[in-house]
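Student: Can you read through this structure? Questions will come right after.
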Amino acid sequence: MAVSKKMNEFAKSASWIRKMFEEGARLKAEFGAENIFDFSLGNPDLPPPPEFQKTLLQLAEKDIPGSHAYMPNGGYPFVREAVAARISREQGVGLTANEMLMTCGAAGGLNVTLKALLDPGDEVIILAPFFVEYKFYIDNHGGVSRVVSTDDNFDLNFKAIAAALNEKTKAIIINSPNNPSGQIYSKESLAELGRALAAASQKFSSTIFLIADEPYRKIVFDNNEVPSIMQAYENSIVVSSYSKDLSLPGERIGYIALHPQIAEKAPLIEALTLANRILGFVNAPALMQRVVAELQGASVDNTIYTRRRKKFCKILAAAGYEFMPPKGAFYIFPKSPIADDAEFVGKLQEQKILAVPGRGFGAPGYFRLAFCVDDAVIERSAGAFQKAMASAK
């Protein structure tokens with residue numbers, strides 16, 4: 001076989017979202033896109049804020065020598081300064097450009113971070129339900145994923161985390177607001193997690209890093225707030241992007257932010273900067289760096305996601321689904337009314353609803369619905385959800 005055995009197996013285990021995408025294309029071609037209720041992809045559909053287009057055009061028209069040349073591998077210093085100022089306000093910790101790197105999205109940032117941290121066999125704890133690709137990112141750099149389940153409310157399960165920590169643990173990745181559950185970890189939970197990691201680091205004479213994947217930080221509801229991980233734990237790293245809050249997923253622009261007191265900061269920054277180059281990312285896109293430097297206070301209109309969330313929750317509750325209204329992000333993660341979540345996703349598909357089984361996120365028994373779709377799609381789906389529920393009884 002020309003393809004590696006590992007990649008062949010990975011393709012199988014990562015097939016759920018791809019499968020639903022392919023099924024969606026088939027159903028739309030057969031029945032018409034307006035008759036399919038596609039909640040399978042977390043692809044933000046809102047336009048970027050108006051100031052994005054204005055800034056983009058202004059910068060594109062400027063004839064600045066070297067504006068398309070290579071730059072320092074960590075990104076333009078003035079861009080890192082602008083981002084550091086915002087992160088300092090969000091995290092309540094003073095960062096400078098020296099603690100920042102610009103990356104090719106959060107995915108690039110996570111891979112750069114793991115490349116810099118991991119030796120072969122090092123373990124990284126990920127919390128189920130988790131973003132599908134974490135396992136692949138960890139494997140990319142010789143690491144081993146250690147999956148730990150959250151509690152019944154998708155909150156941190158400290159007993160399970162403590163049992164997973166050992167002498168091989170190098171990091172734990174948290175995603176809050178969470179994809180797919182919409183959970184936000186509280187300030188108290190993060191403080192307790194910080195204490196647990198500090199105690200484990202001392203016990204095993206090693207440094208265990210806390211990596212926060214935060215692309216949904218600004219997509220929150222009901223006056224919820226996303227607490228600072230840097231106030232909870234010194235050996236913390238924030239990785240994020242502008243894919244969700246500026247609705248720019250295709251532009252692949254993100255960043256890494258390090259706690260100013262992080263262990264062995266100088267060699268870690270050097271390793272991150274080298275990883276940014278040798279992984280092939282080289283530099284985050286030059287034009288997008290200059291654009292986002294001007295848009296640190298901007299965000300999409302979150303009232304639209306808030307409205308859709310309310311509509312969707314009302315429809316699902318009326319149809320008898322059991323779920324936790326998301327505190328953030330743009331997903332709802334209902335419990336499957338039958339034990340086999342994949343089978344129920346099939347019943348949804350019979351009603352022309354596209355969803356993703358929870359097993360794809362390490363949480364069998366649930367399914368994910370993305371509400372980054374037009375309001376009309378949500379509204380028209382009500383009867384189909386009722387029929388799918390009826391078919392499961």
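Order determines the names: the first chain of the structure tokens is A, the second B, and so forth; residues in each chain are numbered 1 upward, and ligands are numbered 1 upward as they are shown.
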Contacts of Ile269 of chain A at 10 Å or less, counting only C-alpha atoms, minus same-chain residues fewer than 4 places along, as a list in words?
Tutor: Gly74, Asn98, Glu99, Met100, Leu101, Thr113, Ala116, Leu258, Glu264, Lys265, Thr273, Leu274 and Ala275 of chain A
Student: For Gly92 of chain A, please output as a PyMOL selection string all residues within 12 Å (counting only C-alpha atoms; exclusion window: fewer than 4 positions along the same chain).
Tutor: chain A and resi 84-88+227-232+259-260
Student: From the list A:Gly109, A:Gly362, A:Gly143, A:Gly66, which residue is nearest Ile237 of chain A when using only C-alpha atoms?
Tutor: A:Gly109
Student: Taking 6 positions as the minimum chain separation for residues in the same chain, which residues sit within 10 Å of Lys28 of chain A when counting only C-alpha atoms? Answer as a CSV table (one decimal) with C-alpha atoms, in the first residue's frame.
Tutor:
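Writing done, so here's result26.csv:
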```
chain,number,residue,atom,x,y,z
A,22,GLU,CA,-20.0,14.0,1.6
A,34,GLU,CA,-33.0,24.3,0.6
A,35,ASN,CA,-34.5,21.0,1.7
A,36,ILE,CA,-31.5,19.8,3.7
A,37,PHE,CA,-30.8,20.8,7.3
A,38,ASP,CA,-27.0,20.8,7.5
A,352,LYS,CA,-32.5,15.2,6.0
```
Student: Measure the distance from atom CA of Gly75 of chain A to atom CA of Ala284 of chain A in Å and round it to one decimal.
Tutor: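 Here the two named atoms are 6.6 Å from each other.
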Student: Would you pick out the contacts of segment 330-342 of chain A at 6 Å or less, using only C-alpha atoms, so that residues sharing its chain but fewer than 3 positions from it are not included, and give the list as a short mmCIF file (atom, residue, chain, number, x, y, z; two decimals) with C-alpha atoms, in the first residue's frame?
Tutor:
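So the final result, stored in selection00.cif, reads:
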```cif
data_model
loop_
_atom_site.label_atom_id
_atom_site.label_comp_id
_atom_site.auth_asym_id
_atom_site.auth_seq_id
_atom_site.Cartn_x
_atom_site.Cartn_y
_atom_site.Cartn_z
CA PRO A 180 -18.58 20.40 20.86
CA SER A 181 -20.28 20.85 24.26
CA GLU A 322 -32.05 16.32 26.39
CA PHE A 323 -29.19 18.81 26.21
CA VAL A 345 -27.51 10.25 13.45
CA PRO A 357 -22.02 11.46 16.23
CA GLY A 365 -24.08 8.70 23.29
CA TYR A 366 -24.29 12.31 22.09
CA PHE A 367 -24.36 14.14 18.76
CA ARG A 368 -23.19 17.58 17.67
CA LEU A 369 -25.26 20.25 15.95
CA ALA A 370 -23.60 23.42 14.63
CA PHE A 371 -25.80 26.51 14.54
#
```
Student: Would you compute the distance between atom CA of Asp375 of chain A and atom CA of Arg309 of chain A? Give it in Å to one decimal.
Tutor: 9.7 Å
Student: Provide the atom CA of Ala355 of chain A to atom CA of Ser176 of chain A distance in Å, to one decimal place.
Tutor: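 Taking atom CA of Ala355 of chain A and atom CA of Ser176 of chain A, their separation equals 21.4 Å.
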Student: When you look at Glu294 of chain A with a cut-off of 9 Å (counting only C-alpha atoms), what residues show up, excluding the ones that are within fewer than 6 positions of it in the same chain? I need them as a list of chain:residue names.
Tutor: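 Skipping anything fewer than 6 positions along the chain leaves A:Phe52, A:Thr55, A:Val79, A:Ala82.
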Student: Looking at A:Glu225, A:Ala263, A:Pro326, A:Tyr233, which one is nearest to Cys313 of chain A, with distances taken over only C-alpha atoms?
Tutor: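 Using only C-alpha atoms, the shortest distance to Cys313 of chain A belongs to A:Pro326.
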Student: Looking at only C-alpha atoms, which of A:Glu123, A:Asp139, A:Asp374, A:Asp151 is the one that sits closest to Ala171 of chain A?
Tutor: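 Nearest to Ala171 of chain A: A:Glu123.
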Student: Which residue gives the smallest distance to Thr103 of chain A among A:Glu23, A:Asp63, A:Glu251, A:Asp152, with only C-alpha atoms counted?
Tutor: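 Using only C-alpha atoms, the shortest distance to Thr103 of chain A belongs to A:Glu251.
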Student: Got a sec: who's within 8 Å of segment 163-168 of chain A, counting only C-alpha atoms, leaving out chain neighbours fewer than 6 positions off, as a PyMOL selection string?
Tutor: chain A and resi 121-123+125+146+148+200+204+206
Student: Restricted to C-alpha atoms, what would the selected residues look like written as a compact mmCIF listing (two decimals), in the first residue's frame?
Tutor:
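Writing done, so here's part-v3.txt:
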```txt
# COMPACT_ATOMS: atom_id res chain seq x y z
CA GLY A 121 6.45 9.00 24.24
CA ASP A 122 5.48 12.13 26.16
CA GLU A 123 1.80 12.17 27.09
CA ILE A 125 -4.05 14.81 28.36
CA ARG A 146 -4.29 10.38 27.17
CA VAL A 148 -9.85 11.82 30.18
CA ALA A 200 1.99 16.93 39.88
CA PHE A 204 7.24 14.08 39.14
CA SER A 206 8.92 17.93 35.68
```
Student: Return the single residue from A:Asp245, A:Glu343, A:Glu270, A:Glu350 that is closest to Pro44 of chain A, with distances computed using only C-alpha atoms.
Tutor: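 With only C-alpha atoms as the atom set, the closest residue is A:Asp245.
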Student: Residues within 12 Å of segment 185-194 of chain A, please, as number ranges by chain. Count only C-alpha atoms; anything in the same chain fewer than 6 positions from it doesn't count.
Tutor: A: 91, 127, 150-151, 153-162, 165, 171-178, 200-201, 208-212, 214, 217, 224-236, 326-328
Student: I need the residues in segment 44-257 of chain A that are strand (DSSP E) according to DSSP; give them as a CSV table (one decimal) with N, CA and C atoms, in the first residue's frame.
Tutor:
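To be explicit, this is the file written out as part_38.csv:
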```
chain,number,residue,atom,x,y,z
A,100,MET,N,4.9,36.5,22.5
A,100,MET,CA,3.9,36.2,21.5
A,100,MET,C,4.5,35.7,20.2
A,101,LEU,N,3.9,34.8,19.5
A,101,LEU,CA,4.2,34.3,18.2
A,101,LEU,C,3.0,34.3,17.3
A,102,MET,N,3.0,34.8,16.1
A,102,MET,CA,1.9,34.8,15.2
A,102,MET,C,2.1,33.5,14.4
A,103,THR,N,0.9,32.8,14.1
A,103,THR,CA,0.9,31.5,13.6
A,103,THR,C,-0.1,31.3,12.4
A,123,GLU,N,3.3,12.2,27.1
A,123,GLU,CA,1.8,12.2,27.1
A,123,GLU,C,1.2,13.5,27.2
A,124,VAL,N,0.1,13.7,26.5
A,124,VAL,CA,-0.7,14.9,26.5
A,124,VAL,C,-2.2,14.5,26.9
A,125,ILE,N,-2.7,15.1,27.9
A,125,ILE,CA,-4.1,14.8,28.4
A,125,ILE,C,-5.0,15.7,27.5
A,126,ILE,N,-6.0,15.0,27.0
A,126,ILE,CA,-7.1,15.8,26.3
A,126,ILE,C,-8.4,15.3,26.9
A,127,LEU,N,-9.4,16.3,27.0
A,127,LEU,CA,-10.6,16.1,27.7
A,127,LEU,C,-11.8,15.8,26.8
A,128,ALA,N,-12.4,14.6,27.0
A,128,ALA,CA,-13.5,14.3,26.2
A,128,ALA,C,-14.8,14.9,26.7
A,144,VAL,N,1.8,11.0,22.9
A,144,VAL,CA,0.7,10.0,23.1
A,144,VAL,C,-0.5,10.7,23.8
A,145,SER,N,-1.6,10.5,23.2
A,145,SER,CA,-2.9,11.1,23.7
A,145,SER,C,-3.4,10.3,24.9
A,146,ARG,N,-3.7,11.0,26.0
A,146,ARG,CA,-4.3,10.4,27.2
A,146,ARG,C,-5.7,11.0,27.3
A,147,VAL,N,-6.7,10.3,27.0
A,147,VAL,CA,-8.1,10.8,27.0
A,147,VAL,C,-8.7,10.7,28.4
A,148,VAL,N,-9.2,11.8,28.9
A,148,VAL,CA,-9.8,11.8,30.2
A,148,VAL,C,-11.3,12.4,30.0
A,149,SER,N,-12.2,11.7,30.5
A,149,SER,CA,-13.6,12.1,30.3
A,149,SER,C,-13.9,13.3,31.3
A,169,THR,N,3.6,12.8,31.7
A,169,THR,CA,2.7,13.9,31.3
A,169,THR,C,3.5,15.1,31.0
A,170,LYS,N,3.3,15.7,29.8
A,170,LYS,CA,4.0,16.9,29.4
A,170,LYS,C,3.0,18.1,29.3
A,171,ALA,N,1.8,17.8,29.1
A,171,ALA,CA,0.8,18.9,28.9
A,171,ALA,C,-0.6,18.4,29.0
A,172,ILE,N,-1.5,19.3,29.2
A,172,ILE,CA,-3.0,19.1,29.1
A,172,ILE,C,-3.5,20.2,28.2
A,173,ILE,N,-4.4,19.8,27.3
A,173,ILE,CA,-5.0,20.7,26.4
A,173,ILE,C,-6.5,20.9,26.9
A,174,ILE,N,-6.9,22.2,27.1
A,174,ILE,CA,-8.3,22.5,27.4
A,174,ILE,C,-8.8,23.4,26.3
A,175,ASN,N,-10.1,23.3,26.1
A,175,ASN,CA,-10.8,24.0,25.0
A,175,ASN,C,-12.1,24.6,25.6
A,209,PHE,N,2.7,21.5,31.3
A,209,PHE,CA,2.1,22.7,30.7
A,209,PHE,C,0.6,22.6,30.5
A,210,LEU,N,-0.1,23.8,30.7
A,210,LEU,CA,-1.5,23.9,30.5
A,210,LEU,C,-1.7,24.7,29.2
A,211,ILE,N,-2.2,24.0,28.1
A,211,ILE,CA,-2.4,24.7,26.8
A,211,ILE,C,-3.9,24.9,26.7
A,212,ALA,N,-4.3,26.2,26.5
A,212,ALA,CA,-5.7,26.6,26.3
A,212,ALA,C,-5.9,26.9,24.8
A,213,ASP,N,-6.8,26.2,24.2
A,213,ASP,CA,-7.2,26.4,22.8
A,213,ASP,C,-8.4,27.3,22.8
A,236,SER,N,1.4,28.2,31.6
A,236,SER,CA,0.3,28.2,30.7
A,236,SER,C,0.6,28.8,29.4
A,237,ILE,N,-0.1,28.3,28.3
A,237,ILE,CA,0.1,28.8,27.0
A,237,ILE,C,-1.3,28.9,26.4
A,238,VAL,N,-1.6,30.1,25.8
A,238,VAL,CA,-2.8,30.3,25.1
A,238,VAL,C,-2.6,30.2,23.6
A,239,VAL,N,-3.4,29.4,22.9
A,239,VAL,CA,-3.3,29.3,21.4
A,239,VAL,C,-4.7,29.7,20.9
A,240,SER,N,-4.7,30.5,19.9
A,240,SER,CA,-6.0,30.9,19.4
A,240,SER,C,-5.9,31.4,18.0
A,241,SER,N,-7.0,31.9,17.4
A,241,SER,CA,-7.0,32.4,16.1
A,241,SER,C,-8.1,33.4,15.9
A,254,GLY,N,-3.5,33.2,13.4
A,254,GLY,CA,-3.6,32.9,14.8
A,254,GLY,C,-2.4,33.3,15.6
A,255,TYR,N,-2.3,32.8,16.8
A,255,TYR,CA,-1.1,33.2,17.6
A,255,TYR,C,-0.9,32.2,18.8
A,256,ILE,N,0.3,32.3,19.4
A,256,ILE,CA,0.6,31.7,20.6
A,256,ILE,C,1.0,32.7,21.6
A,257,ALA,N,0.5,32.6,22.9
A,257,ALA,CA,0.8,33.6,23.9
A,257,ALA,C,1.3,32.8,25.1
```
Student: I need the residues of segment 34-144 of chain A that end up classed as alpha helix (DSSP H) by DSSP on the backbone, written out as a ChimeraX atom specification.
Tutor: /A:50-61,77-91,105-117,134-140
Student: With N, CA and C atoms retained, could you export that selection as a short mmCIF file (atom, residue, chain, number, x, y, z; two decimals), in the first residue's frame?
Tutor:
```
data_model
loop_
_atom_site.label_atom_id
_atom_site.label_comp_id
_atom_site.auth_asym_id
_atom_site.auth_seq_id
_atom_site.Cartn_x
_atom_site.Cartn_y
_atom_site.Cartn_z
N PRO A 50 -17.54 44.98 9.75
CA PRO A 50 -17.35 45.93 8.65
C PRO A 50 -15.95 46.53 8.59
N GLU A 51 -15.32 46.76 9.74
CA GLU A 51 -14.00 47.38 9.74
C GLU A 51 -12.93 46.49 9.13
N PHE A 52 -13.21 45.18 9.04
CA PHE A 52 -12.23 44.28 8.40
C PHE A 52 -12.04 44.65 6.93
N GLN A 53 -13.12 44.76 6.18
CA GLN A 53 -13.02 45.07 4.76
C GLN A 53 -12.34 46.42 4.54
N LYS A 54 -12.71 47.39 5.34
CA LYS A 54 -12.12 48.73 5.23
C LYS A 54 -10.61 48.68 5.48
N THR A 55 -10.21 47.98 6.54
CA THR A 55 -8.79 47.89 6.88
C THR A 55 -8.03 47.11 5.83
N LEU A 56 -8.62 46.02 5.36
CA LEU A 56 -7.99 45.19 4.33
C LEU A 56 -7.69 46.02 3.08
N LEU A 57 -8.66 46.78 2.63
CA LEU A 57 -8.48 47.58 1.41
C LEU A 57 -7.44 48.67 1.62
N GLN A 58 -7.46 49.32 2.78
CA GLN A 58 -6.49 50.37 3.05
C GLN A 58 -5.06 49.83 3.04
N LEU A 59 -4.86 48.70 3.68
CA LEU A 59 -3.51 48.13 3.76
C LEU A 59 -3.05 47.58 2.42
N ALA A 60 -3.98 46.99 1.67
CA ALA A 60 -3.62 46.43 0.37
C ALA A 60 -3.19 47.53 -0.60
N GLU A 61 -3.74 48.73 -0.44
CA GLU A 61 -3.42 49.82 -1.34
C GLU A 61 -2.10 50.51 -1.01
N PRO A 77 7.05 42.37 14.83
CA PRO A 77 7.06 42.82 16.22
C PRO A 77 5.89 43.75 16.57
N PHE A 78 5.51 44.66 15.67
CA PHE A 78 4.42 45.59 16.00
C PHE A 78 3.07 44.87 16.08
N VAL A 79 2.91 43.78 15.32
CA VAL A 79 1.68 42.99 15.41
C VAL A 79 1.64 42.24 16.74
N ARG A 80 2.76 41.65 17.10
CA ARG A 80 2.82 40.92 18.37
C ARG A 80 2.58 41.86 19.55
N GLU A 81 3.07 43.10 19.45
CA GLU A 81 2.81 44.07 20.51
C GLU A 81 1.32 44.37 20.63
N ALA A 82 0.64 44.54 19.49
CA ALA A 82 -0.79 44.83 19.52
C ALA A 82 -1.58 43.67 20.11
N VAL A 83 -1.24 42.45 19.70
CA VAL A 83 -1.95 41.29 20.22
C VAL A 83 -1.64 41.09 21.70
N ALA A 84 -0.39 41.30 22.08
CA ALA A 84 0.00 41.14 23.49
C ALA A 84 -0.77 42.09 24.39
N ALA A 85 -1.03 43.30 23.91
CA ALA A 85 -1.78 44.27 24.73
C ALA A 85 -3.19 43.76 24.99
N ARG A 86 -3.83 43.18 23.98
CA ARG A 86 -5.18 42.64 24.18
C ARG A 86 -5.16 41.42 25.09
N ILE A 87 -4.24 40.50 24.84
CA ILE A 87 -4.15 39.29 25.68
C ILE A 87 -3.88 39.67 27.13
N SER A 88 -3.08 40.71 27.35
CA SER A 88 -2.81 41.16 28.72
C SER A 88 -4.10 41.57 29.41
N ARG A 89 -4.97 42.26 28.69
CA ARG A 89 -6.26 42.66 29.28
C ARG A 89 -7.14 41.45 29.54
N GLU A 90 -7.19 40.52 28.60
CA GLU A 90 -8.04 39.33 28.76
C GLU A 90 -7.55 38.43 29.89
N GLN A 91 -6.24 38.27 29.99
CA GLN A 91 -5.68 37.31 30.94
C GLN A 91 -5.35 37.93 32.30
N GLY A 105 -3.06 30.13 11.96
CA GLY A 105 -4.25 29.66 12.64
C GLY A 105 -3.94 28.99 13.97
N ALA A 106 -4.99 28.61 14.68
CA ALA A 106 -4.81 27.90 15.94
C ALA A 106 -4.27 26.50 15.71
N ALA A 107 -4.65 25.88 14.59
CA ALA A 107 -4.12 24.55 14.27
C ALA A 107 -2.61 24.60 14.11
N GLY A 108 -2.13 25.61 13.38
CA GLY A 108 -0.69 25.79 13.26
C GLY A 108 -0.06 26.06 14.60
N GLY A 109 -0.72 26.89 15.42
CA GLY A 109 -0.19 27.22 16.74
C GLY A 109 -0.09 26.01 17.64
N LEU A 110 -1.08 25.14 17.62
CA LEU A 110 -1.04 23.92 18.45
C LEU A 110 0.08 23.00 17.99
N ASN A 111 0.24 22.85 16.68
CA ASN A 111 1.31 21.99 16.18
C ASN A 111 2.68 22.55 16.51
N VAL A 112 2.84 23.85 16.40
CA VAL A 112 4.11 24.49 16.77
C VAL A 112 4.40 24.27 18.25
N THR A 113 3.38 24.44 19.08
CA THR A 113 3.56 24.27 20.52
C THR A 113 3.94 22.84 20.87
N LEU A 114 3.23 21.87 20.30
CA LEU A 114 3.52 20.47 20.60
C LEU A 114 4.88 20.05 20.06
N LYS A 115 5.26 20.57 18.90
CA LYS A 115 6.60 20.28 18.35
C LYS A 115 7.68 20.77 19.30
N ALA A 116 7.46 21.95 19.89
CA ALA A 116 8.45 22.53 20.79
C ALA A 116 8.53 21.79 22.12
N LEU A 117 7.43 21.18 22.56
CA LEU A 117 7.38 20.60 23.91
C LEU A 117 7.68 19.11 23.97
N TYR A 134 -7.13 16.88 17.81
CA TYR A 134 -6.10 16.91 18.85
C TYR A 134 -5.23 15.66 18.83
N LYS A 135 -5.85 14.52 18.69
CA LYS A 135 -5.08 13.26 18.70
C LYS A 135 -4.05 13.24 17.58
N PHE A 136 -4.43 13.75 16.42
CA PHE A 136 -3.52 13.74 15.28
C PHE A 136 -2.39 14.73 15.49
N TYR A 137 -2.70 15.88 16.04
CA TYR A 137 -1.65 16.88 16.30
C TYR A 137 -0.62 16.31 17.27
N ILE A 138 -1.08 15.65 18.31
CA ILE A 138 -0.17 15.08 19.31
C ILE A 138 0.70 14.01 18.67
N ASP A 139 0.10 13.14 17.88
CA ASP A 139 0.85 12.09 17.20
C ASP A 139 1.86 12.68 16.21
N ASN A 140 1.53 13.81 15.59
CA ASN A 140 2.46 14.43 14.65
C ASN A 140 3.85 14.62 15.23
#
```
Student: From the list A:Val3, A:Leu41, A:Ile253, A:Ala25, which residue is nearest Ala286 of chain A when using only C-alpha atoms?
Tutor: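 Ranking A:Val3, A:Leu41, A:Ile253, A:Ala25 by distance to Ala286 of chain A, first place goes to A:Ile253.
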